[in-house]
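These notes are about the structure you will find just below.
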Amino acid sequence: MWLALAGGVLAVLCLGGVGVLVSLYDDATEIKRTDPNIVLVEFLGAYLTDRDDQEAELYSCKAGVEFSQLREFRDEVKRVEVNYSVGIVVAWKNLSIQVLGNRATARVDIVRTISGGGEETFDPWKFEMSDEDGWRVCSADPA
């Protein structure tokens, strides 16, 4: 009887521990969309640096997205890399966001640098964002 009771208590403790671990994992991997600055940086990292459309989708509006010009920009970077056998590092700076209610407009300079610190170009871009149960990027256009 004592053995069964000890086994039951041990099982309850193990299940509680699993629950705590699942909760901690969920909190650690949850996508935070409360700050439009962070969302835009994560989107740019996924779309331009990692070139991962699925990851970028996590930070994109649910409907009505317009990234055709940004896609052309990314494709041009890829073409230059292939045609000239160079690597191009894409980064950004001078990020500013104006929030009006559940809409935001972001302006940022996208920086392209040839690997090794060669030539560097700056391209100003404008991003429209929406708070759809958390901030998301809806469109991107050269500024």
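FYI, nothing fancy with the structure tokens labels: chains A, B, ... in order, residues from 1 per chain, ligands from 1 as they appear.
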Using only C-alpha atoms, which residues sit within 10 Å of Leu40 in chain A once same-chain residues fewer than 2 positions away are excluded, as number ranges by chain?
A: 33, 35-38, 42-46, 56, 59-60, 95, 97, 106, 108, 127-129, 135-137
Check the DSSP output for the backbone and give back, as an MDAnalysis selection string, the residues of range 27-100 of chain A in alpha helix (DSSP H).
chainID A and resid 27:29 36:44 53:57 68:84
Which of chain A fall in strand (DSSP E or B), as an mmCIF file with N, CA and C atoms, in the first residue's frame:
data_model
loop_
_atom_site.group_PDB
_atom_site.id
_atom_site.type_symbol
_atom_site.label_atom_id
_atom_site.label_comp_id
_atom_site.auth_asym_id
_atom_site.auth_seq_id
_atom_site.Cartn_x
_atom_site.Cartn_y
_atom_site.Cartn_z
ATOM 1 N N SER A 60 4.016 38.896 -40.577
ATOM 2 C CA SER A 60 3.280 39.565 -41.654
ATOM 3 C C SER A 60 1.802 39.638 -41.328
ATOM 4 N N GLU A 66 1.610 43.284 -49.129
ATOM 5 C CA GLU A 66 2.169 43.742 -50.394
ATOM 6 C C GLU A 66 3.682 43.885 -50.243
ATOM 7 N N ILE A 88 26.674 39.411 -50.174
ATOM 8 C CA ILE A 88 26.155 40.725 -49.791
ATOM 9 C C ILE A 88 25.471 40.583 -48.444
ATOM 10 N N VAL A 89 25.902 41.402 -47.501
ATOM 11 C CA VAL A 89 25.308 41.421 -46.179
ATOM 12 C C VAL A 89 24.238 42.506 -46.178
ATOM 13 N N VAL A 90 23.029 42.137 -45.771
ATOM 14 C CA VAL A 90 21.928 43.094 -45.701
ATOM 15 C C VAL A 90 21.653 43.394 -44.230
ATOM 16 N N ALA A 91 21.638 44.672 -43.895
ATOM 17 C CA ALA A 91 21.344 45.121 -42.534
ATOM 18 C C ALA A 91 20.452 46.352 -42.629
ATOM 19 N N TRP A 92 20.174 46.998 -41.539
ATOM 20 C CA TRP A 92 19.320 48.185 -41.539
ATOM 21 C C TRP A 92 19.732 49.085 -40.398
ATOM 22 N N LYS A 93 19.383 50.363 -40.554
ATOM 23 C CA LYS A 93 19.649 51.342 -39.501
ATOM 24 C C LYS A 93 18.684 52.509 -39.661
ATOM 25 N N ASN A 94 18.741 53.429 -38.720
ATOM 26 C CA ASN A 94 17.876 54.613 -38.707
ATOM 27 C C ASN A 94 16.400 54.236 -38.723
ATOM 28 N N LEU A 95 16.036 53.268 -37.923
ATOM 29 C CA LEU A 95 14.643 52.824 -37.830
ATOM 30 C C LEU A 95 13.844 53.819 -37.005
ATOM 31 N N SER A 96 12.738 54.302 -37.587
ATOM 32 C CA SER A 96 11.819 55.177 -36.847
ATOM 33 C C SER A 96 10.396 54.741 -37.161
ATOM 34 N N ILE A 97 9.571 54.722 -36.129
ATOM 35 C CA ILE A 97 8.183 54.271 -36.287
ATOM 36 C C ILE A 97 7.255 55.295 -35.671
ATOM 37 N N GLN A 98 6.199 55.617 -36.430
ATOM 38 C CA GLN A 98 5.131 56.476 -35.921
ATOM 39 C C GLN A 98 3.886 55.623 -35.781
ATOM 40 N N VAL A 99 3.342 55.565 -34.568
ATOM 41 C CA VAL A 99 2.164 54.761 -34.280
ATOM 42 C C VAL A 99 0.960 55.681 -34.137
ATOM 43 N N LEU A 100 -0.102 55.358 -34.856
ATOM 44 C CA LEU A 100 -1.375 56.067 -34.731
ATOM 45 C C LEU A 100 -2.468 55.024 -34.527
ATOM 46 N N ARG A 103 -2.420 51.384 -36.289
ATOM 47 C CA ARG A 103 -1.615 51.429 -37.516
ATOM 48 C C ARG A 103 -0.272 52.079 -37.186
ATOM 49 N N ALA A 104 0.733 51.714 -37.939
ATOM 50 C CA ALA A 104 2.059 52.312 -37.750
ATOM 51 C C ALA A 104 2.756 52.426 -39.101
ATOM 52 N N THR A 105 3.569 53.457 -39.238
ATOM 53 C CA THR A 105 4.405 53.638 -40.410
ATOM 54 C C THR A 105 5.847 53.672 -39.944
ATOM 55 N N ALA A 106 6.649 52.819 -40.555
ATOM 56 C CA ALA A 106 8.066 52.731 -40.194
ATOM 57 C C ALA A 106 8.917 53.171 -41.372
ATOM 58 N N ARG A 107 9.976 53.855 -41.070
ATOM 59 C CA ARG A 107 10.971 54.234 -42.072
ATOM 60 C C ARG A 107 12.307 53.686 -41.603
ATOM 61 N N VAL A 108 13.034 53.109 -42.563
ATOM 62 C CA VAL A 108 14.306 52.485 -42.225
ATOM 63 C C VAL A 108 15.216 52.522 -43.452
ATOM 64 N N ASP A 109 16.503 52.641 -43.200
ATOM 65 C CA ASP A 109 17.492 52.543 -44.277
ATOM 66 C C ASP A 109 17.996 51.111 -44.331
ATOM 67 N N ILE A 110 17.808 50.457 -45.470
ATOM 68 C CA ILE A 110 18.342 49.114 -45.661
ATOM 69 C C ILE A 110 19.730 49.276 -46.261
ATOM 70 N N VAL A 111 20.692 48.637 -45.631
ATOM 71 C CA VAL A 111 22.098 48.779 -45.996
ATOM 72 C C VAL A 111 22.577 47.482 -46.630
ATOM 73 N N ARG A 112 23.172 47.605 -47.813
ATOM 74 C CA ARG A 112 23.795 46.454 -48.485
ATOM 75 C C ARG A 112 25.298 46.672 -48.497
ATOM 76 N N THR A 113 26.018 45.676 -48.012
ATOM 77 C CA THR A 113 27.475 45.754 -47.959
ATOM 78 C C THR A 113 28.054 44.504 -48.588
ATOM 79 N N ILE A 114 29.013 44.694 -49.473
ATOM 80 C CA ILE A 114 29.698 43.542 -50.058
ATOM 81 C C ILE A 114 30.561 42.933 -48.960
ATOM 82 N N GLU A 120 29.224 49.930 -50.003
ATOM 83 C CA GLU A 120 28.029 49.943 -49.154
ATOM 84 C C GLU A 120 26.996 50.874 -49.771
ATOM 85 N N THR A 121 25.756 50.429 -49.842
ATOM 86 C CA THR A 121 24.668 51.277 -50.349
ATOM 87 C C THR A 121 23.550 51.340 -49.325
ATOM 88 N N PHE A 122 22.851 52.470 -49.316
ATOM 89 C CA PHE A 122 21.732 52.696 -48.400
ATOM 90 C C PHE A 122 20.473 52.918 -49.230
ATOM 91 N N ASP A 123 19.417 52.217 -48.868
ATOM 92 C CA ASP A 123 18.139 52.371 -49.568
ATOM 93 C C ASP A 123 17.056 52.672 -48.541
ATOM 94 N N PRO A 124 16.416 53.849 -48.617
ATOM 95 C CA PRO A 124 15.346 54.165 -47.676
ATOM 96 C C PRO A 124 14.059 53.405 -48.043
ATOM 97 N N TRP A 125 13.412 52.820 -47.038
ATOM 98 C CA TRP A 125 12.177 52.063 -47.229
ATOM 99 C C TRP A 125 11.130 52.515 -46.228
ATOM 100 N N LYS A 126 9.883 52.324 -46.632
ATOM 101 C CA LYS A 126 8.744 52.624 -45.760
ATOM 102 C C LYS A 126 7.934 51.346 -45.587
ATOM 103 N N PHE A 127 7.573 51.026 -44.355
ATOM 104 C CA PHE A 127 6.781 49.836 -44.038
ATOM 105 C C PHE A 127 5.505 50.258 -43.330
ATOM 106 N N GLU A 128 4.402 49.694 -43.761
ATOM 107 C CA GLU A 128 3.129 49.915 -43.089
ATOM 108 C C GLU A 128 2.861 48.706 -42.205
ATOM 109 N N MET A 129 2.416 48.980 -40.977
ATOM 110 C CA MET A 129 2.173 47.914 -40.014
ATOM 111 C C MET A 129 0.786 48.063 -39.417
ATOM 112 N N SER A 130 0.270 46.957 -38.903
ATOM 113 C CA SER A 130 -1.053 46.942 -38.300
ATOM 114 C C SER A 130 -1.018 46.104 -37.029
ATOM 115 N N ASP A 131 -1.779 46.554 -36.034
ATOM 116 C CA ASP A 131 -1.899 45.785 -34.794
ATOM 117 C C ASP A 131 -3.086 44.846 -34.943
ATOM 118 N N TRP A 135 1.490 43.353 -33.360
ATOM 119 C CA TRP A 135 1.939 44.086 -34.540
ATOM 120 C C TRP A 135 2.399 43.148 -35.640
ATOM 121 N N ARG A 136 2.082 43.550 -36.882
ATOM 122 C CA ARG A 136 2.469 42.785 -38.060
ATOM 123 C C ARG A 136 2.800 43.760 -39.191
ATOM 124 N N VAL A 137 3.674 43.321 -40.095
ATOM 125 C CA VAL A 137 4.082 44.119 -41.245
ATOM 126 C C VAL A 137 3.138 43.811 -42.407
ATOM 127 N N CYS A 138 2.583 44.866 -43.025
ATOM 128 C CA CYS A 138 1.600 44.683 -44.103
ATOM 129 C C CYS A 138 2.137 45.026 -45.484
ATOM 130 N N SER A 139 3.016 46.019 -45.577
ATOM 131 C CA SER A 139 3.543 46.409 -46.886
ATOM 132 C C SER A 139 4.919 47.024 -46.750
ATOM 133 N N ALA A 140 5.636 47.001 -47.868
ATOM 134 C CA ALA A 140 6.977 47.571 -47.927
ATOM 135 C C ALA A 140 7.155 48.255 -49.273
ATOM 136 N N ASP A 141 7.624 49.489 -49.244
ATOM 137 C CA ASP A 141 7.847 50.266 -50.465
ATOM 138 C C ASP A 141 9.099 51.109 -50.303
ATOM 139 N N PRO A 142 9.841 51.307 -51.404
ATOM 140 C CA PRO A 142 10.967 52.245 -51.317
ATOM 141 C C PRO A 142 10.426 53.625 -50.937
#
Could you jot down the CA of Lys32 in chain A to CA of Ser68 in chain A separation for me, Å, one decimal place?
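Calculated distance between CA of Lys32 in chain A and CA of Ser68 in chain A is 25.6 Å.
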Of the residues A:Glu119, A:Met1, A:Asp53, A:Gln69, which is the one nearest to Gly87 in chain A, using only C-alpha atoms?
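Closest to Gly87 in chain A, using only C-alpha atoms: A:Glu119.
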Using only C-alpha atoms, which of A:Asp133, A:Val86, A:Asp52, A:Thr34 sits nearest Arg74 in chain A?
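Nearest candidate to Arg74 in chain A out of A:Asp133, A:Val86, A:Asp52, A:Thr34: A:Asp52.
Here CA of Cys61 in chain A is placed at a distance of 25.0 Å from CA of Lys78 in chain A.
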If you measure from CA of Ile31 in chain A to CA of Tyr47 in chain A, what distance in Å do you get, rounded to one decimal?
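Atom-to-atom, CA of Ile31 in chain A and CA of Tyr47 in chain A are spaced 16.0 Å apart.
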